[in-house]
file query_35.pdb (PDB, C-alpha atoms and all ligand atoms)
ATOM      1  CA  MET E   1     -27.873  -4.256 -12.499  1.00  0.00           C
ATOM      2  CA  ALA E   2     -27.038  -4.210  -8.783  1.00  0.00           C
ATOM      3  CA  ASP E   3     -27.843  -0.844  -7.102  1.00  0.00           C
ATOM      4  CA  LYS E   4     -24.636  -0.855  -5.029  1.00  0.00           C
ATOM      5  CA  LEU E   5     -21.192  -1.005  -6.601  1.00  0.00           C
ATOM      6  CA  VAL E   6     -20.119  -4.666  -6.645  1.00  0.00           C
ATOM      7  CA  LEU E   7     -16.441  -5.428  -6.134  1.00  0.00           C
ATOM      8  CA  GLY E   8     -14.536  -8.400  -7.514  1.00  0.00           C
ATOM      9  CA  VAL E   9     -11.409  -8.818  -5.401  1.00  0.00           C
ATOM     10  CA  PHE E  10      -8.351 -10.771  -6.591  1.00  0.00           C
ATOM     11  CA  VAL E  11      -5.970 -12.214  -3.987  1.00  0.00           C
ATOM     12  CA  SER E  12      -2.966 -14.521  -3.979  1.00  0.00           C
ATOM     13  CA  GLY E  13      -2.283 -14.752  -0.255  1.00  0.00           C
ATOM     14  CA  GLY E  14      -3.410 -13.811   3.222  1.00  0.00           C
ATOM     15  CA  GLY E  15      -5.952 -11.241   2.173  1.00  0.00           C
ATOM     16  CA  THR E  16      -5.671  -8.621   4.931  1.00  0.00           C
ATOM     17  CA  ASN E  17      -6.506  -5.916   2.368  1.00  0.00           C
ATOM     18  CA  LEU E  18      -9.523  -7.974   1.312  1.00  0.00           C
ATOM     19  CA  GLN E  19     -10.524  -8.159   4.979  1.00  0.00           C
ATOM     20  CA  ALA E  20     -10.229  -4.379   5.363  1.00  0.00           C
ATOM     21  CA  ILE E  21     -12.415  -3.924   2.267  1.00  0.00           C
ATOM     22  CA  ILE E  22     -15.025  -6.434   3.496  1.00  0.00           C
ATOM     23  CA  ASP E  23     -15.077  -4.771   6.933  1.00  0.00           C
ATOM     24  CA  CYS E  24     -15.581  -1.301   5.399  1.00  0.00           C
ATOM     25  CA  CYS E  25     -18.374  -2.635   3.155  1.00  0.00           C
ATOM     26  CA  GLU E  26     -20.099  -4.289   6.098  1.00  0.00           C
ATOM     27  CA  ALA E  27     -19.689  -1.185   8.277  1.00  0.00           C
ATOM     28  CA  GLY E  28     -21.079   1.023   5.493  1.00  0.00           C
ATOM     29  CA  THR E  29     -17.863   3.076   5.377  1.00  0.00           C
ATOM     30  CA  ILE E  30     -17.732   2.367   1.656  1.00  0.00           C
ATOM     31  CA  ASP E  31     -20.837   2.150  -0.529  1.00  0.00           C
ATOM     32  CA  ALA E  32     -19.980  -1.177  -2.087  1.00  0.00           C
ATOM     33  CA  THR E  33     -20.283  -4.872  -1.560  1.00  0.00           C
ATOM     34  CA  VAL E  34     -17.803  -7.660  -2.316  1.00  0.00           C
ATOM     35  CA  GLY E  35     -19.545  -9.896  -4.869  1.00  0.00           C
ATOM     36  CA  VAL E  36     -16.804 -12.418  -5.526  1.00  0.00           C
ATOM     37  CA  VAL E  37     -13.208 -13.184  -4.570  1.00  0.00           C
ATOM     38  CA  VAL E  38     -10.867 -14.801  -7.096  1.00  0.00           C
ATOM     39  CA  SER E  39      -7.474 -16.363  -6.492  1.00  0.00           C
ATOM     40  CA  ASP E  40      -4.779 -18.037  -8.548  1.00  0.00           C
ATOM     41  CA  LYS E  41      -3.895 -20.080  -5.437  1.00  0.00           C
ATOM     42  CA  ALA E  42      -6.297 -22.771  -4.220  1.00  0.00           C
ATOM     43  CA  ASP E  43      -4.997 -22.448  -0.647  1.00  0.00           C
ATOM     44  CA  ALA E  44      -4.938 -18.632  -0.439  1.00  0.00           C
ATOM     45  CA  TYR E  45      -6.256 -17.659   2.982  1.00  0.00           C
ATOM     46  CA  GLY E  46      -8.075 -14.781   1.292  1.00  0.00           C
ATOM     47  CA  LEU E  47     -10.516 -17.342  -0.172  1.00  0.00           C
ATOM     48  CA  GLU E  48     -11.220 -18.616   3.348  1.00  0.00           C
ATOM     49  CA  ARG E  49     -11.823 -15.064   4.581  1.00  0.00           C
ATOM     50  CA  ALA E  50     -14.386 -14.576   1.800  1.00  0.00           C
ATOM     51  CA  ARG E  51     -16.234 -17.800   2.622  1.00  0.00           C
ATOM     52  CA  LYS E  52     -16.441 -16.761   6.289  1.00  0.00           C
ATOM     53  CA  HIS E  53     -18.446 -13.743   5.110  1.00  0.00           C
ATOM     54  CA  GLY E  54     -20.649 -15.758   2.745  1.00  0.00           C
ATOM     55  CA  ILE E  55     -18.878 -14.319  -0.318  1.00  0.00           C
ATOM     56  CA  PRO E  56     -18.364 -16.635  -3.328  1.00  0.00           C
ATOM     57  CA  ALA E  57     -14.684 -17.581  -3.497  1.00  0.00           C
ATOM     58  CA  VAL E  58     -13.259 -19.012  -6.697  1.00  0.00           C
ATOM     59  CA  HIS E  59      -9.889 -20.517  -7.519  1.00  0.00           C
ATOM     60  CA  VAL E  60      -8.889 -20.015 -11.154  1.00  0.00           C
ATOM     61  CA  LYS E  61      -5.778 -21.960 -12.100  1.00  0.00           C
ATOM     62  CA  LEU E  62      -3.381 -20.026 -14.328  1.00  0.00           C
ATOM     63  CA  GLY E  63      -0.697 -21.273 -16.630  1.00  0.00           C
ATOM     64  CA  LYS E  64       2.490 -19.420 -17.464  1.00  0.00           C
ATOM     65  CA  THR E  65       1.798 -15.777 -18.343  1.00  0.00           C
ATOM     66  CA  GLY E  66       0.944 -15.597 -22.055  1.00  0.00           C
ATOM     67  CA  SER E  67       0.249 -19.340 -22.384  1.00  0.00           C
ATOM     68  CA  THR E  68      -3.037 -20.746 -23.710  1.00  0.00           C
ATOM     69  CA  ALA E  69      -4.037 -21.756 -20.167  1.00  0.00           C
ATOM     70  CA  TRP E  70      -3.399 -18.164 -18.999  1.00  0.00           C
ATOM     71  CA  GLU E  71      -5.495 -16.770 -21.870  1.00  0.00           C
ATOM     72  CA  GLN E  72      -8.300 -19.175 -20.978  1.00  0.00           C
ATOM     73  CA  ALA E  73      -8.071 -18.048 -17.360  1.00  0.00           C
ATOM     74  CA  ASP E  74      -8.330 -14.429 -18.548  1.00  0.00           C
ATOM     75  CA  ALA E  75     -11.627 -15.266 -20.304  1.00  0.00           C
ATOM     76  CA  GLU E  76     -12.791 -17.211 -17.237  1.00  0.00           C
ATOM     77  CA  HIS E  77     -12.057 -14.189 -15.017  1.00  0.00           C
ATOM     78  CA  VAL E  78     -14.277 -11.997 -17.189  1.00  0.00           C
ATOM     79  CA  ARG E  79     -17.072 -14.582 -17.152  1.00  0.00           C
ATOM     80  CA  ILE E  80     -16.951 -14.879 -13.339  1.00  0.00           C
ATOM     81  CA  LEU E  81     -16.864 -11.106 -12.797  1.00  0.00           C
ATOM     82  CA  GLN E  82     -19.775 -10.501 -15.172  1.00  0.00           C
ATOM     83  CA  GLU E  83     -21.766 -13.351 -13.620  1.00  0.00           C
ATOM     84  CA  HIS E  84     -21.490 -11.529 -10.281  1.00  0.00           C
ATOM     85  CA  ASP E  85     -22.359  -8.093 -11.700  1.00  0.00           C
ATOM     86  CA  VAL E  86     -18.938  -6.693 -10.761  1.00  0.00           C
ATOM     87  CA  GLY E  87     -18.436  -2.987 -11.443  1.00  0.00           C
ATOM     88  CA  LEU E  88     -14.944  -2.580  -9.982  1.00  0.00           C
ATOM     89  CA  VAL E  89     -12.080  -5.073  -9.900  1.00  0.00           C
ATOM     90  CA  CYS E  90      -9.690  -4.716  -6.936  1.00  0.00           C
ATOM     91  CA  LEU E  91      -6.324  -6.442  -7.069  1.00  0.00           C
ATOM     92  CA  ALA E  92      -5.394  -6.932  -3.420  1.00  0.00           C
ATOM     93  CA  GLY E  93      -2.134  -8.809  -3.116  1.00  0.00           C
ATOM     94  CA  TYR E  94      -2.690 -10.502  -6.474  1.00  0.00           C
ATOM     95  CA  MET E  95       0.758 -11.476  -7.667  1.00  0.00           C
ATOM     96  CA  ARG E  96       0.000 -12.349 -11.303  1.00  0.00           C
ATOM     97  CA  LYS E  97      -0.483 -10.229 -14.402  1.00  0.00           C
ATOM     98  CA  ILE E  98      -4.112  -9.741 -15.342  1.00  0.00           C
ATOM     99  CA  GLY E  99      -5.027 -10.421 -18.958  1.00  0.00           C
ATOM    100  CA  PRO E 100      -6.073  -8.172 -21.859  1.00  0.00           C
ATOM    101  CA  ARG E 101      -9.674  -9.442 -21.911  1.00  0.00           C
ATOM    102  CA  LEU E 102     -10.214  -8.440 -18.297  1.00  0.00           C
ATOM    103  CA  LEU E 103      -8.597  -5.054 -18.875  1.00  0.00           C
ATOM    104  CA  GLU E 104     -10.802  -4.431 -21.899  1.00  0.00           C
ATOM    105  CA  ALA E 105     -14.026  -5.602 -20.249  1.00  0.00           C
ATOM    106  CA  PHE E 106     -13.299  -3.498 -17.135  1.00  0.00           C
ATOM    107  CA  SER E 107     -11.541  -0.560 -18.747  1.00  0.00           C
ATOM    108  CA  GLY E 108     -10.944   2.173 -16.150  1.00  0.00           C
ATOM    109  CA  ALA E 109     -12.375  -0.083 -13.449  1.00  0.00           C
ATOM    110  CA  VAL E 110      -9.407  -2.119 -12.219  1.00  0.00           C
ATOM    111  CA  LEU E 111      -7.465  -0.942  -9.148  1.00  0.00           C
ATOM    112  CA  ASN E 112      -4.286  -2.303  -7.606  1.00  0.00           C
ATOM    113  CA  ILE E 113      -2.499  -1.723  -4.326  1.00  0.00           C
ATOM    114  CA  HIS E 114       1.263  -1.832  -4.032  1.00  0.00           C
ATOM    115  CA  PRO E 115       3.372  -1.605  -0.842  1.00  0.00           C
ATOM    116  CA  ALA E 116       5.773   1.083  -2.070  1.00  0.00           C
ATOM    117  CA  LEU E 117       5.723   4.662  -3.260  1.00  0.00           C
ATOM    118  CA  LEU E 118       5.478   3.960  -6.986  1.00  0.00           C
ATOM    119  CA  PRO E 119       7.183   4.274  -9.369  1.00  0.00           C
ATOM    120  CA  ALA E 120       9.880   3.194  -6.872  1.00  0.00           C
ATOM    121  CA  PHE E 121      10.164  -0.487  -6.017  1.00  0.00           C
ATOM    122  CA  PRO E 122       7.541  -2.239  -8.171  1.00  0.00           C
ATOM    123  CA  GLY E 123       7.336  -6.046  -8.085  1.00  0.00           C
ATOM    124  CA  THR E 124       6.518  -8.646  -5.489  1.00  0.00           C
ATOM    125  CA  SER E 125       8.741  -7.426  -2.631  1.00  0.00           C
ATOM    126  CA  GLY E 126       8.431  -3.629  -2.686  1.00  0.00           C
ATOM    127  CA  GLN E 127       8.681  -3.131   1.082  1.00  0.00           C
ATOM    128  CA  HIS E 128      11.772  -5.352   1.375  1.00  0.00           C
ATOM    129  CA  ASP E 129      13.416  -3.653  -1.611  1.00  0.00           C
ATOM    130  CA  ALA E 130      12.747  -0.227  -0.029  1.00  0.00           C
ATOM    131  CA  ALA E 131      14.180  -1.353   3.342  1.00  0.00           C
ATOM    132  CA  ASP E 132      17.272  -2.816   1.661  1.00  0.00           C
ATOM    133  CA  TYR E 133      17.777   0.348  -0.404  1.00  0.00           C
ATOM    134  CA  GLY E 134      17.872   2.463   2.750  1.00  0.00           C
ATOM    135  CA  VAL E 135      15.070   4.914   2.021  1.00  0.00           C
ATOM    136  CA  LYS E 136      13.938   7.066   4.953  1.00  0.00           C
ATOM    137  CA  VAL E 137      10.293   7.308   3.919  1.00  0.00           C
ATOM    138  CA  ALA E 138       8.277   4.453   2.461  1.00  0.00           C
ATOM    139  CA  GLY E 139       4.599   3.773   1.872  1.00  0.00           C
ATOM    140  CA  CYS E 140       1.923   2.365  -0.369  1.00  0.00           C
ATOM    141  CA  THR E 141       0.136   3.299  -3.581  1.00  0.00           C
ATOM    142  CA  VAL E 142      -3.357   2.617  -4.919  1.00  0.00           C
ATOM    143  CA  HIS E 143      -3.562   3.063  -8.677  1.00  0.00           C
ATOM    144  CA  PHE E 144      -5.574   2.165 -11.755  1.00  0.00           C
ATOM    145  CA  ALA E 145      -4.093  -1.024 -13.162  1.00  0.00           C
ATOM    146  CA  ASP E 146      -2.880  -1.494 -16.716  1.00  0.00           C
ATOM    147  CA  ALA E 147      -1.130  -4.319 -18.566  1.00  0.00           C
ATOM    148  CA  GLU E 148       2.159  -3.745 -16.703  1.00  0.00           C
ATOM    149  CA  PHE E 149       2.945  -4.648 -13.096  1.00  0.00           C
ATOM    150  CA  ASP E 150       2.398  -1.848 -10.561  1.00  0.00           C
ATOM    151  CA  CYS E 151       1.961   0.772 -13.247  1.00  0.00           C
ATOM    152  CA  GLY E 152      -1.011   2.947 -14.180  1.00  0.00           C
ATOM    153  CA  PRO E 153      -2.320   6.310 -12.917  1.00  0.00           C
ATOM    154  CA  ILE E 154      -1.953   6.900  -9.173  1.00  0.00           C
ATOM    155  CA  ILE E 155      -5.008   7.619  -7.003  1.00  0.00           C
ATOM    156  CA  ILE E 156      -3.610   7.820  -3.462  1.00  0.00           C
ATOM    157  CA  GLN E 157      -0.317   7.259  -1.669  1.00  0.00           C
ATOM    158  CA  ALA E 158       0.327   6.942   2.065  1.00  0.00           C
ATOM    159  CA  THR E 159       3.750   7.418   3.624  1.00  0.00           C
ATOM    160  CA  VAL E 160       5.407   5.995   6.729  1.00  0.00           C
ATOM    161  CA  PRO E 161       8.825   6.703   8.228  1.00  0.00           C
ATOM    162  CA  VAL E 162      11.465   4.000   7.989  1.00  0.00           C
ATOM    163  CA  LEU E 163      12.918   3.446  11.466  1.00  0.00           C
ATOM    164  CA  GLU E 164      16.545   2.805  12.347  1.00  0.00           C
ATOM    165  CA  ASP E 165      16.025  -0.867  13.258  1.00  0.00           C
ATOM    166  CA  ASP E 166      13.527  -1.709  10.528  1.00  0.00           C
ATOM    167  CA  ASP E 167      13.903  -4.740   8.359  1.00  0.00           C
ATOM    168  CA  GLY E 168      11.618  -5.631   5.453  1.00  0.00           C
ATOM    169  CA  ASP E 169       9.103  -7.341   7.739  1.00  0.00           C
ATOM    170  CA  THR E 170       8.696  -4.553  10.296  1.00  0.00           C
ATOM    171  CA  LEU E 171       8.470  -1.992   7.509  1.00  0.00           C
ATOM    172  CA  ALA E 172       5.917  -4.156   5.643  1.00  0.00           C
ATOM    173  CA  ALA E 173       3.722  -4.309   8.768  1.00  0.00           C
ATOM    174  CA  ARG E 174       3.801  -0.499   9.169  1.00  0.00           C
ATOM    175  CA  ILE E 175       2.944  -0.009   5.491  1.00  0.00           C
ATOM    176  CA  LEU E 176       0.156  -2.610   5.631  1.00  0.00           C
ATOM    177  CA  GLU E 177      -1.677  -0.564   8.288  1.00  0.00           C
ATOM    178  CA  GLN E 178      -1.773   2.332   5.830  1.00  0.00           C
ATOM    179  CA  GLU E 179      -2.836   0.056   2.954  1.00  0.00           C
ATOM    180  CA  HIS E 180      -5.918  -0.852   4.963  1.00  0.00           C
ATOM    181  CA  LYS E 181      -6.852   2.850   5.078  1.00  0.00           C
ATOM    182  CA  ALA E 182      -5.844   3.928   1.585  1.00  0.00           C
ATOM    183  CA  TYR E 183      -7.518   1.118  -0.384  1.00  0.00           C
ATOM    184  CA  PRO E 184     -11.024   1.540   1.071  1.00  0.00           C
ATOM    185  CA  GLN E 185     -10.727   5.313   0.519  1.00  0.00           C
ATOM    186  CA  ALA E 186      -9.813   4.855  -3.145  1.00  0.00           C
ATOM    187  CA  ILE E 187     -12.730   2.440  -3.597  1.00  0.00           C
ATOM    188  CA  GLN E 188     -15.124   4.904  -1.978  1.00  0.00           C
ATOM    189  CA  TRP E 189     -13.947   7.707  -4.285  1.00  0.00           C
ATOM    190  CA  PHE E 190     -14.572   5.385  -7.236  1.00  0.00           C
ATOM    191  CA  ALA E 191     -18.023   4.481  -5.864  1.00  0.00           C
ATOM    192  CA  GLU E 192     -18.840   8.191  -5.556  1.00  0.00           C
ATOM    193  CA  GLY E 193     -17.734   8.824  -9.157  1.00  0.00           C
ATOM    194  CA  ARG E 194     -15.040  11.230  -7.984  1.00  0.00           C
ATOM    195  CA  LEU E 195     -12.059   9.858  -9.929  1.00  0.00           C
ATOM    196  CA  ARG E 196     -11.101  11.311 -13.321  1.00  0.00           C
ATOM    197  CA  ILE E 197      -8.201   9.820 -15.252  1.00  0.00           C
ATOM    198  CA  GLU E 198      -6.380  12.525 -17.204  1.00  0.00           C
ATOM    199  CA  GLY E 199      -3.431  10.899 -18.978  1.00  0.00           C
ATOM    200  CA  ARG E 200      -1.064   9.671 -16.264  1.00  0.00           C
ATOM    201  CA  LYS E 201      -2.813  11.737 -13.606  1.00  0.00           C
ATOM    202  CA  VAL E 202      -5.903  11.026 -11.563  1.00  0.00           C
ATOM    203  CA  ARG E 203      -7.975  13.961 -10.371  1.00  0.00           C
ATOM    204  CA  VAL E 204      -9.917  13.314  -7.158  1.00  0.00           C
ATOM    205  CA  LEU E 205     -12.904  15.644  -7.381  1.00  0.00           C
ATOM    206  CA  ASP E 206     -13.431  17.798  -4.263  1.00  0.00           C
ATOM    207  CA  ALA E 207     -10.484  16.187  -2.474  1.00  0.00           C
ATOM    208  CA  LYS E 208      -9.299  17.896   0.708  1.00  0.00           C
ATOM    209  CA  THR E 209      -6.155  20.002   0.354  1.00  0.00           C
ATOM    210  CA  PRO E 210      -3.299  19.083   2.730  1.00  0.00           C
ATOM    211  CA  ALA E 211      -2.376  21.802   5.243  1.00  0.00           C
ATOM    212  CA  GLU E 212       0.183  24.277   3.881  1.00  0.00           C
ATOM    213  CA  GLY E 213       3.721  23.089   4.552  1.00  0.00           C
ATOM    214  CA  GLU E 214       2.561  19.628   5.658  1.00  0.00           C
ATOM    215  CA  ALA E 215       5.375  17.121   5.219  1.00  0.00           C
ATOM    216  CA  ILE E 216       6.873  13.955   6.615  1.00  0.00           C
ATOM    217  CA  ILE E 217      10.597  14.392   7.284  1.00  0.00           C
ATOM    218  CA  SER E 218      12.300  11.277   8.494  1.00  0.00           C
ATOM    219  CA  PRO E 219      14.309  11.374  10.724  1.00  0.00           C
ATOM    220  CA  PRO E 220      12.786  14.665  11.974  1.00  0.00           C
ATOM    221  CA  VAL E 221      14.747  17.916  11.542  1.00  0.00           C
ATOM    222  CA  GLU E 222      16.453  19.028  14.812  1.00  0.00           C
ATOM    223  CA  ILE E 223      17.927  22.379  13.929  1.00  0.00           C
ATOM    224  CA  ASP E 224      15.980  25.564  14.689  1.00  0.00           C
ATOM    225  CA  GLN E 225      14.637  27.195  11.525  1.00  0.00           C
TER
HETATM  226  C1  LIG K 301       0.109  -6.207   0.265  1.00  0.00           C
HETATM  227  O1  LIG K 301       1.180  -5.590   0.941  1.00  0.00           O
HETATM  228  C2  LIG K 301      -0.016  -5.662  -1.152  1.00  0.00           C
HETATM  229  O2  LIG K 301       0.249  -4.279  -1.234  1.00  0.00           O
HETATM  230  C3  LIG K 301       1.029  -6.483  -1.866  1.00  0.00           C
HETATM  231  O3  LIG K 301       0.834  -7.778  -1.375  1.00  0.00           O
HETATM  232  C4  LIG K 301       0.421  -7.687  -0.009  1.00  0.00           C
HETATM  233  C5  LIG K 301      -0.801  -8.551   0.179  1.00  0.00           C
HETATM  234  O4  LIG K 301      -1.184  -8.577   1.515  1.00  0.00           O
HETATM  235  N1  LIG K 301       0.900  -6.387  -3.291  1.00  0.00           N
HETATM  236  C6  LIG K 301       1.940  -6.335  -4.118  1.00  0.00           C
HETATM  237  O5  LIG K 301       3.093  -6.456  -3.745  1.00  0.00           O
HETATM  238  C7  LIG K 301       1.585  -6.113  -5.582  1.00  0.00           C
HETATM  239  N2  LIG K 301       2.744  -5.876  -6.324  1.00  0.00           N
HETATM  240  P1  LIG K 301      -2.620  -9.094   1.925  1.00  0.00           P
HETATM  241  O6  LIG K 301      -2.818 -10.426   1.164  1.00  0.00           O
HETATM  242  O7  LIG K 301      -2.527  -9.305   3.393  1.00  0.00           O
HETATM  243  O8  LIG K 301      -3.608  -8.065   1.518  1.00  0.00           O
END
call {"tool": "encode", "arguments": {"input": "query_35.pdb", "output": "structure tokens"}}
result
Amino acid sequence: MADKLVLGVFVSGGGTNLQAIIDCCEAGTIDATVGVVVSDKADAYGLERARKHGIPAVHVKLGKTGSTAWEQADAEHVRILQEHDVGLVCLAGYMRKIGPRLLEAFSGAVLNIHPALLPAFPGTSGQHDAADYGVKVAGCTVHFADAEFDCGPIIIQATVPVLEDDDGDTLAARILEQEHKAYPQAIQWFAEGRLRIEGRKVRVLDAKTPAEGEAIISPPVEIDQ
């Protein structure tokens, strides 16, 4: 058994969340280490980021969700994670469904980040869907993962205002900055054993209480009150 919490991070793309996690691990901001990075895409830049830090980076080819190839990949995921002593699986821009074997082997130890205030705008383009819908406040969510996409008990959410001239890309960039703060925090709470799942709710033990009346109103209120 490793003495520090070992993370197995799943990516499908650029891996900026992975980078934020690696940086926090290396800086000692979170008491964990990234043991392995897994991707469904051979050319995911996240794999390259891992290699630059001397972290094993593995491409696991998946078939169609539910196919035999996908089931085999599910078993392969578990084998890889166990081989690297992983204690927490972090989905960080992983755009495929994870399988039942992984969920069973890592029950209560799989996190996901999503670029929207769940349960609004799940899927692969949450920020763009929020911008198109015309919401005034958007954000990101870190939650325990289950068999559904972007579902599962919520640990932390961060909000950002949506500005008048925003499109999906500018909003995505503003949300991403907050993702890089929220995900490492959720991982650190897990590492400290401070997360309790109670049905759909997650209790963060000894969490700070927001100041009374604290709120984001967007656009800001102008009238005197
Ligand atoms: C992030 O915005 C993440 O929240 C999102 O993919 C992006 C990956 O960026 N995930 C989802 O949409 C999951 N439904 P990154 O590769 O730069 O971390």
call {"tool": "residues_near_ligand", "arguments": {"input": "query_35.pdb", "ligand": "ligand LIG 301 (chain K)", "cutoff": "6 Å", "atoms": "only C-alpha atoms and all ligand atoms", "output": "count of residues only"}}
result
17
call {"tool": "resolve_selection", "arguments": {"input": "query_35.pdb", "expression": "the PyMOL selection byres (((chain E and resi 5) around 8) and not hetatm)", "output": "ChimeraX atom specification"}}
result
/E:2-4,6-7,31-33,86-88,191
call {"tool": "atom_distance", "arguments": {"input": "query_35.pdb", "atom1": "CA of Ala57 (chain E)", "atom2": "CA of Gln19 (chain E)"}}
result
13.3 Å
call {"tool": "resolve_selection", "arguments": {"input": "query_35.pdb", "expression": "the PyMOL selection byres (((chain E and resi 23) around 12) and not hetatm)", "output": "count of residues only"}}
result
24
call {"tool": "residues_around", "arguments": {"input": "query_35.pdb", "residues": "Val137 (chain E)", "least_positions_apart": "6", "cutoff": "10 Å", "atoms": "all atoms listed in the file", "output": "PyMOL selection string"}}
result
chain E and resi 116-117+130-131+159-163+216-219
call {"tool": "resolve_selection", "arguments": {"input": "query_35.pdb", "expression": "the PyMOL selection byres (((chain E and resi 63-70) around 9) and not hetatm)", "output": "JSON, numbers by chain"}}
result
{"E": [61, 62, 71, 72, 73, 74, 75, 96, 97, 98, 99]}
call {"tool": "residues_around", "arguments": {"input": "query_35.pdb", "residues": "Ile154 (chain E)", "least_positions_apart": "3", "cutoff": "9 Å", "atoms": "all atoms listed in the file", "output": "VMD selection string"}}
result
chain E and resid 118 141 to 144 151 157 200 to 202
call {"tool": "atom_distance", "arguments": {"input": "query_35.pdb", "atom1": "CA of Gln185 (chain E)", "atom2": "CA of Gly139 (chain E)"}}
result
15.5 Å
call {"tool": "atom_distance", "arguments": {"input": "query_35.pdb", "atom1": "CA of His128 (chain E)", "atom2": "CA of Pro153 (chain E)"}}
result
23.2 Å
call {"tool": "closest_residue", "arguments": {"input": "query_35.pdb", "among": "E:Ile155, E:Ala120, E:Val58, E:Leu171", "to": "Tyr183 (chain E)", "atoms": "only C-alpha atoms"}}
result
E:Ile155
call {"tool": "closest_residue", "arguments": {"input": "query_35.pdb", "among": "E:Ile80, E:Asp132, E:Val37, E:Pro100", "to": "Glu148 (chain E)", "atoms": "all atoms listed in the file"}}
result
E:Pro100
call {"tool": "closest_residue", "arguments": {"input": "query_35.pdb", "among": "E:Leu111, E:Ala186, E:Ala215, E:Val60", "to": "Ala42 (chain E)", "atoms": "all atoms listed in the file"}}
result
E:Val60
call {"tool": "axis_aligned_box", "arguments": {"input": "query_35.pdb", "around": "region 16-29 of chain E", "padding_each_side": "6 Å", "output": "lines of an AutoDock Vina configuration file"}}
result
center_x = -13.4
center_y = -2.8
center_z = 4.8
size_x = 27.4
size_y = 23.7
size_z = 19.0
call {"tool": "build_atoms", "arguments": {"input": "query_35.pdb", "residues": "region 128-139 of chain E", "atoms": "N, CA, C and O atoms", "output": "compact mmCIF listing (two decimals), in the frame of the given file"}}
result
# COMPACT_ATOMS: atom_id res chain seq x y z
N HIS E 128 10.44 -4.82 1.07
CA HIS E 128 11.77 -5.35 1.38
C HIS E 128 12.83 -4.63 0.53
O HIS E 128 13.91 -4.31 1.02
N ASP E 129 12.48 -4.36 -0.73
CA ASP E 129 13.42 -3.65 -1.61
C ASP E 129 13.67 -2.24 -1.07
O ASP E 129 14.80 -1.75 -1.09
N ALA E 130 12.60 -1.59 -0.57
CA ALA E 130 12.75 -0.23 -0.03
C ALA E 130 13.63 -0.26 1.22
O ALA E 130 14.51 0.58 1.39
N ALA E 131 13.38 -1.24 2.11
CA ALA E 131 14.18 -1.35 3.34
C ALA E 131 15.65 -1.60 2.99
O ALA E 131 16.54 -0.96 3.56
N ASP E 132 15.89 -2.49 2.04
CA ASP E 132 17.27 -2.82 1.66
C ASP E 132 17.97 -1.62 1.02
O ASP E 132 19.17 -1.43 1.18
N TYR E 133 17.19 -0.80 0.31
CA TYR E 133 17.78 0.35 -0.40
C TYR E 133 18.19 1.45 0.56
O TYR E 133 19.05 2.27 0.27
N GLY E 134 17.52 1.46 1.76
CA GLY E 134 17.87 2.46 2.75
C GLY E 134 17.08 3.74 2.66
O GLY E 134 17.54 4.80 3.13
N VAL E 135 15.88 3.69 2.07
CA VAL E 135 15.07 4.91 2.02
C VAL E 135 14.64 5.30 3.43
O VAL E 135 14.59 4.47 4.34
N LYS E 136 14.33 6.57 3.64
CA LYS E 136 13.94 7.07 4.95
C LYS E 136 12.42 7.20 5.08
O LYS E 136 11.89 7.34 6.18
N VAL E 137 11.76 7.24 3.95
CA VAL E 137 10.29 7.31 3.92
C VAL E 137 9.82 6.24 2.94
O VAL E 137 10.40 6.10 1.86
N ALA E 138 8.82 5.49 3.35
CA ALA E 138 8.28 4.45 2.46
C ALA E 138 6.76 4.59 2.46
O ALA E 138 6.22 5.55 3.01
N GLY E 139 6.05 3.65 1.87
CA GLY E 139 4.60 3.77 1.87
C GLY E 139 3.92 2.85 0.90
O GLY E 139 4.50 1.83 0.47
